[in-house]
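> My questions all concern the structure below.
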Amino acid sequence: MLTAVSIYEELGVTPVINARGHNTVLGGSTPSAGVKAAMERAERYYVDMAQLLERSGQIIAELLGAEAAAVTPGAAAALALGTAACITGDDLERMARLPDTTGLKREVVIQAAHHYAYERATTIVGTTLVEAGDPAGTTAAQLEAALGPATACVLYPAHLEGKPGTLALAEVIAIAHRRGVPVLVDAAGQVYPLAKMTGYTRQGADLVCFGAKYIGAPNSSGILCGRADLVGPALRQGFIGFETTAERKAFGRPLKLDRQEIIAVVVALQEWMAMDHAARLAELEARLGTIARALAGLPGVSLELLRRDGAAPRLLRVAIDPATARRSAAAVIAELWRGRPAIAVGAEREALLLNAATLWEGDEAVVAGRLRALLEA
């Protein structure tokens with residue numbers, strides 16, 4: 001009988017205890033029992049996918065306080081589809097031209113200090129990134145000057161709000177809207193507190209992208225929500241629009257979803273909005289506390305519980321002084337990864353960052369034991 005370990009080992013793949021968080025490269029998420037049950041029930045019948053996307057979008061939009069919403073295959077796909085909608089609107093012939101954006105609105109404006117890895121998702125539909133400001137910062141006047149007749153949208157990575165030298169989202173929205181330019185918010189992991197998650201559209205963001213893996217849906221799922229006149233064209237340019245309404249002229253056929261994934265996002269979001277998050281955070285702290293107690297007093301090791309917003313609201317920072325500890329942080333991380341099962345942790349300078357959100361019950365004891373053995377050996 002295959003076990004959780006052997007099912008991977010028979011494939012020649014190393015099983016991993018994930019103390020790093022909802023990383024795509026580690027598989028992203030573990031859906032709850034309720035989500036898994038809903039996915040299994042969804043398998044019994046096939047369905048009109050256009051109808052399923054429409055109805056699921058209505059439910060999600062209501063939960064998030066948005067005009068409209070759509071399930072996407074991840075937050076990056078939501079960024080691509082959202083950008084495409086800002087370029088073409090509901091014009092089918094413009095959709096058919098992508099990624100050729102000659103003569104169309106083809107610029108995505110981003111603040112100079114807001115560059116980040118996933119911005120590329122907005123350029124695969126034929127756009128060019130345009131910087132507002134410079135490395136020293138972006139002023140309101142500089143942002144306004146960057147907006148022109150070729151601007152499709154302003155991209156705002158929500159996890160970078162508050163970064164020195166950048167304008168707040170509310171100010172960006174006000175400036176962009178004075179010029180008739182939509183604002184596309186990448187809020188991939190900004191799912192907690194709930195008021196923050198639902199606050200982007202209330203502030204006036206035109207489109208908002210979430211990674212549904214952070215709320216307990218599959219790794220390969222996401223949400224695009226916001227203005228109905230933009231979410232609609234985004235759907236037309238997705239896989240179902242290609243098959244049913246866009247005369248096979250849309251670009252999004254590769255962005256296909258399973259019916260089970262769509263159901264999973266709806267159920268996961270329903271659970272997330274109804275969840276006792278105080279209890280969830282208390283459980284995370286308790287698991288991290290198990291690890292902290294095992295490491296307390298070890299030479300060269302100092303511990304700090306970090307409380308944050310977003311997808312990683314509780315982290316244990318294990319700082320390792322290379323002058324007095326038995327091993328460096330890099331050596332500990334490498335040894336953890338060489339184990340069977342491997343253990344994945346985050347890294348921050350001479351420190352480990354432990355995230356309990358993706359630990360299974362009992363994993364915290366394994367992590368604690370392995371860490372103590374490495375740091376006291």
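Residue numbers start at 1 in each chain; chains themselves are named A, B, ... in the order of the structure tokens; ligands are numbered from 1 in the order shown.
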Per residue of range 244-363 of chain A within 12 Å of range 119-131 of chain A, which atom pair is closest and at what distance in Å (one decimal), using only C-alpha atoms, listed by chain and increasing number, as a Markdown table?

```
| residue | atom | partner | partner_atom | distance |
| --- | --- | --- | --- | --- |
| A:Ala250 | CA | A:Val125 | CA | 10.8 |
| A:Phe251 | CA | A:Val125 | CA | 8.3 |
| A:Gly252 | CA | A:Val125 | CA | 9.8 |
```
> Could you pull the residues within 9 Å of range 276-283 of chain A, counting only C-alpha atoms, minus those fewer than 2 positions along the same chain, as a list of chain:residue names?
A:Tyr192, A:Pro193, A:Trp272, A:Met273, A:Ala274, A:Glu285, A:Ala286, A:Arg287, A:Leu288, A:Pro313, A:Arg314, A:Ala356
> Taking into account only C-alpha atoms, which residue in the set A:Thr83, A:Glu271, A:Arg349, A:Cys209 is nearest to Pro182 in chain A?
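Closest candidate: A:Thr83.
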> CA of Leu354 in chain A to CA of Pro299 in chain A: how many Å, to one decimal?
18.9 Å
> For Ala170 in chain A, list every protein, DNA or RNA residue within 12 Å, evaluated using only C-alpha atoms, and leave out those in the same chain fewer than 5 positions away; present the list as number ranges by chain.
A: 140, 156, 158, 161-162, 175-177, 183, 185, 199-206
> Check the smallest atom-to-atom distance from each of A:Ala19, A:Met275, A:Ala334, A:Ala42 to Gly216 in chain A using only C-alpha atoms, then report the winner.
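Closest residue, counting only C-alpha atoms: A:Met275.
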> At a cut-off of 8 Å, using only C-alpha atoms, what residues contact Gly189 in chain A? Leave out same-chain residues fewer than 4 positions from it and give the result as a list of chain:residue names.
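The residues satisfying every condition are A:His159, A:Phe210, A:Gly211, A:Tyr214, A:Gly310, A:Ala311.
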> Using only C-alpha atoms, determine which residues lie at most 8 Å from range 110-118 of chain A, disregarding the query and same-chain residues fewer than 5 positions distant; provide the list as a PyMOL selection string.
chain A and resi 76+129-138+143+154-157+160+163+165-166
> Please dump the current selection as a PDB file, in the first residue's frame; keep N, CA and C atoms.

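What landed in result07.pdb:
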```pdb
ATOM      1  N   ALA A  76      -1.377  34.965 -11.553  1.00  0.00           N
ATOM      2  CA  ALA A  76      -0.657  35.465 -12.724  1.00  0.00           C
ATOM      3  C   ALA A  76      -1.554  35.455 -13.962  1.00  0.00           C
ATOM      4  N   LEU A 129       6.081  47.795 -20.137  1.00  0.00           N
ATOM      5  CA  LEU A 129       6.062  48.444 -18.834  1.00  0.00           C
ATOM      6  C   LEU A 129       6.690  49.832 -18.936  1.00  0.00           C
ATOM      7  N   VAL A 130       6.036  50.800 -18.346  1.00  0.00           N
ATOM      8  CA  VAL A 130       6.525  52.177 -18.323  1.00  0.00           C
ATOM      9  C   VAL A 130       6.713  52.598 -16.880  1.00  0.00           C
ATOM     10  N   GLU A 131       7.906  53.052 -16.535  1.00  0.00           N
ATOM     11  CA  GLU A 131       8.185  53.484 -15.164  1.00  0.00           C
ATOM     12  C   GLU A 131       7.674  54.894 -14.922  1.00  0.00           C
ATOM     13  N   ALA A 132       7.065  55.078 -13.758  1.00  0.00           N
ATOM     14  CA  ALA A 132       6.731  56.416 -13.278  1.00  0.00           C
ATOM     15  C   ALA A 132       7.700  56.753 -12.162  1.00  0.00           C
ATOM     16  N   GLY A 133       8.433  57.852 -12.305  1.00  0.00           N
ATOM     17  CA  GLY A 133       9.414  58.230 -11.303  1.00  0.00           C
ATOM     18  C   GLY A 133      10.759  57.606 -11.585  1.00  0.00           C
ATOM     19  N   ASP A 134      11.554  57.476 -10.545  1.00  0.00           N
ATOM     20  CA  ASP A 134      12.905  56.924 -10.653  1.00  0.00           C
ATOM     21  C   ASP A 134      13.206  56.178  -9.361  1.00  0.00           C
ATOM     22  N   PRO A 135      14.390  55.551  -9.258  1.00  0.00           N
ATOM     23  CA  PRO A 135      14.689  54.780  -8.048  1.00  0.00           C
ATOM     24  C   PRO A 135      14.571  55.560  -6.751  1.00  0.00           C
ATOM     25  N   ALA A 136      14.662  56.879  -6.823  1.00  0.00           N
ATOM     26  CA  ALA A 136      14.529  57.690  -5.615  1.00  0.00           C
ATOM     27  C   ALA A 136      13.080  57.795  -5.159  1.00  0.00           C
ATOM     28  N   GLY A 137      12.143  57.505  -6.047  1.00  0.00           N
ATOM     29  CA  GLY A 137      10.739  57.567  -5.667  1.00  0.00           C
ATOM     30  C   GLY A 137       9.861  58.043  -6.808  1.00  0.00           C
ATOM     31  N   THR A 138       8.568  58.054  -6.556  1.00  0.00           N
ATOM     32  CA  THR A 138       7.576  58.507  -7.524  1.00  0.00           C
ATOM     33  C   THR A 138       6.681  59.540  -6.869  1.00  0.00           C
ATOM     34  N   LEU A 143       3.739  60.355 -11.675  1.00  0.00           N
ATOM     35  CA  LEU A 143       2.782  59.333 -12.081  1.00  0.00           C
ATOM     36  C   LEU A 143       1.844  59.885 -13.143  1.00  0.00           C
ATOM     37  N   VAL A 154      -2.651  51.008 -14.813  1.00  0.00           N
ATOM     38  CA  VAL A 154      -1.570  51.132 -13.838  1.00  0.00           C
ATOM     39  C   VAL A 154      -1.534  49.846 -13.034  1.00  0.00           C
ATOM     40  N   LEU A 155      -0.364  49.241 -12.927  1.00  0.00           N
ATOM     41  CA  LEU A 155      -0.188  48.019 -12.136  1.00  0.00           C
ATOM     42  C   LEU A 155       0.266  48.388 -10.736  1.00  0.00           C
ATOM     43  N   TYR A 156      -0.448  47.863  -9.735  1.00  0.00           N
ATOM     44  CA  TYR A 156      -0.108  48.177  -8.343  1.00  0.00           C
ATOM     45  C   TYR A 156       0.064  46.871  -7.566  1.00  0.00           C
ATOM     46  N   PRO A 157       1.316  46.490  -7.226  1.00  0.00           N
ATOM     47  CA  PRO A 157       1.537  45.299  -6.397  1.00  0.00           C
ATOM     48  C   PRO A 157       1.234  45.605  -4.934  1.00  0.00           C
ATOM     49  N   LEU A 160       3.592  45.594  -1.873  1.00  0.00           N
ATOM     50  CA  LEU A 160       4.637  46.613  -1.780  1.00  0.00           C
ATOM     51  C   LEU A 160       4.088  47.963  -1.337  1.00  0.00           C
ATOM     52  N   LYS A 163       6.041  50.899   0.666  1.00  0.00           N
ATOM     53  CA  LYS A 163       7.474  50.915   0.398  1.00  0.00           C
ATOM     54  C   LYS A 163       7.937  52.359   0.242  1.00  0.00           C
ATOM     55  N   GLY A 165       9.194  55.781  -0.973  1.00  0.00           N
ATOM     56  CA  GLY A 165       9.281  56.336  -2.311  1.00  0.00           C
ATOM     57  C   GLY A 165       8.134  55.984  -3.221  1.00  0.00           C
ATOM     58  N   THR A 166       7.087  55.361  -2.677  1.00  0.00           N
ATOM     59  CA  THR A 166       5.948  54.992  -3.517  1.00  0.00           C
ATOM     60  C   THR A 166       4.675  55.671  -3.025  1.00  0.00           C
TER      61      THR A 166
END
```
> Please, what distance in Å, to one decimal, runs between CA of Thr102 in chain A and CA of Gly89 in chain A?
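Separation of CA of Thr102 in chain A and CA of Gly89 in chain A: 15.5 Å.
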> Restricting the calculation to only C-alpha atoms: of A:Gln237, A:Ala357, A:Glu171, A:Glu261, which residue gets closest to Ile223 in chain A?
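Nearest candidate to Ile223 in chain A out of A:Gln237, A:Ala357, A:Glu171, A:Glu261: A:Glu261.
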> Determine, counting only C-alpha atoms, which protein, DNA and RNA residues have an atom within 9 Å of an atom of Ala268 in chain A; residues of the same chain fewer than 6 positions away are not included. Present the result as an NGL selection string.
:A and (31-32 or 34-35 or 212 or 215-217)
> Which residues are near Ile291 in chain A? Cut-off 8 Å, only C-alpha atoms, ignore same chain within fewer than 2 positions. Put them as a PyMOL selection string.
chain A and resi 287-289+293-295+364-365+367-368
> Go ahead and compute the interatomic distance for CA of Asp229 in chain A and CA of Glu67 in chain A, in Å to one decimal.
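About the pair CA of Asp229 in chain A and CA of Glu67 in chain A: they are 9.1 Å apart.
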> Give the helix (DSSP H, G or I) residues of range 167-273 of chain A, as DSSP finds them on the backbone, and put them as an MDAnalysis selection string.
chainID A and resid 169:178 194:203 212:215 228:236 239:244 259:273
> Write down as an NGL selection string the residues belonging to range 53-211 of chain A that are assigned strand (DSSP E) by DSSP computed on the backbone.
:A and (68-72 or 107-111 or 128-132 or 151-157 or 183-186 or 207-211)
> Pick out the closest residue to Ser221 in chain A from this set: A:Asp186, A:Glu247, A:Asp321, A:Asp258. Count only C-alpha atoms.
A:Asp258
> Point out the residue among A:Ala146, A:Val318, A:Leu257, A:Ala351 with the least atom-to-atom distance to Val71 in chain A, counting only C-alpha atoms.
A:Leu257
> Rank A:Ala68, A:Leu371, A:Ala37, A:Cys153 by their smallest atom-to-atom distance to Ala331 in chain A, using only C-alpha atoms, and report the top residue only.
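Ranking A:Ala68, A:Leu371, A:Ala37, A:Cys153 by distance to Ala331 in chain A, first place goes to A:Leu371.
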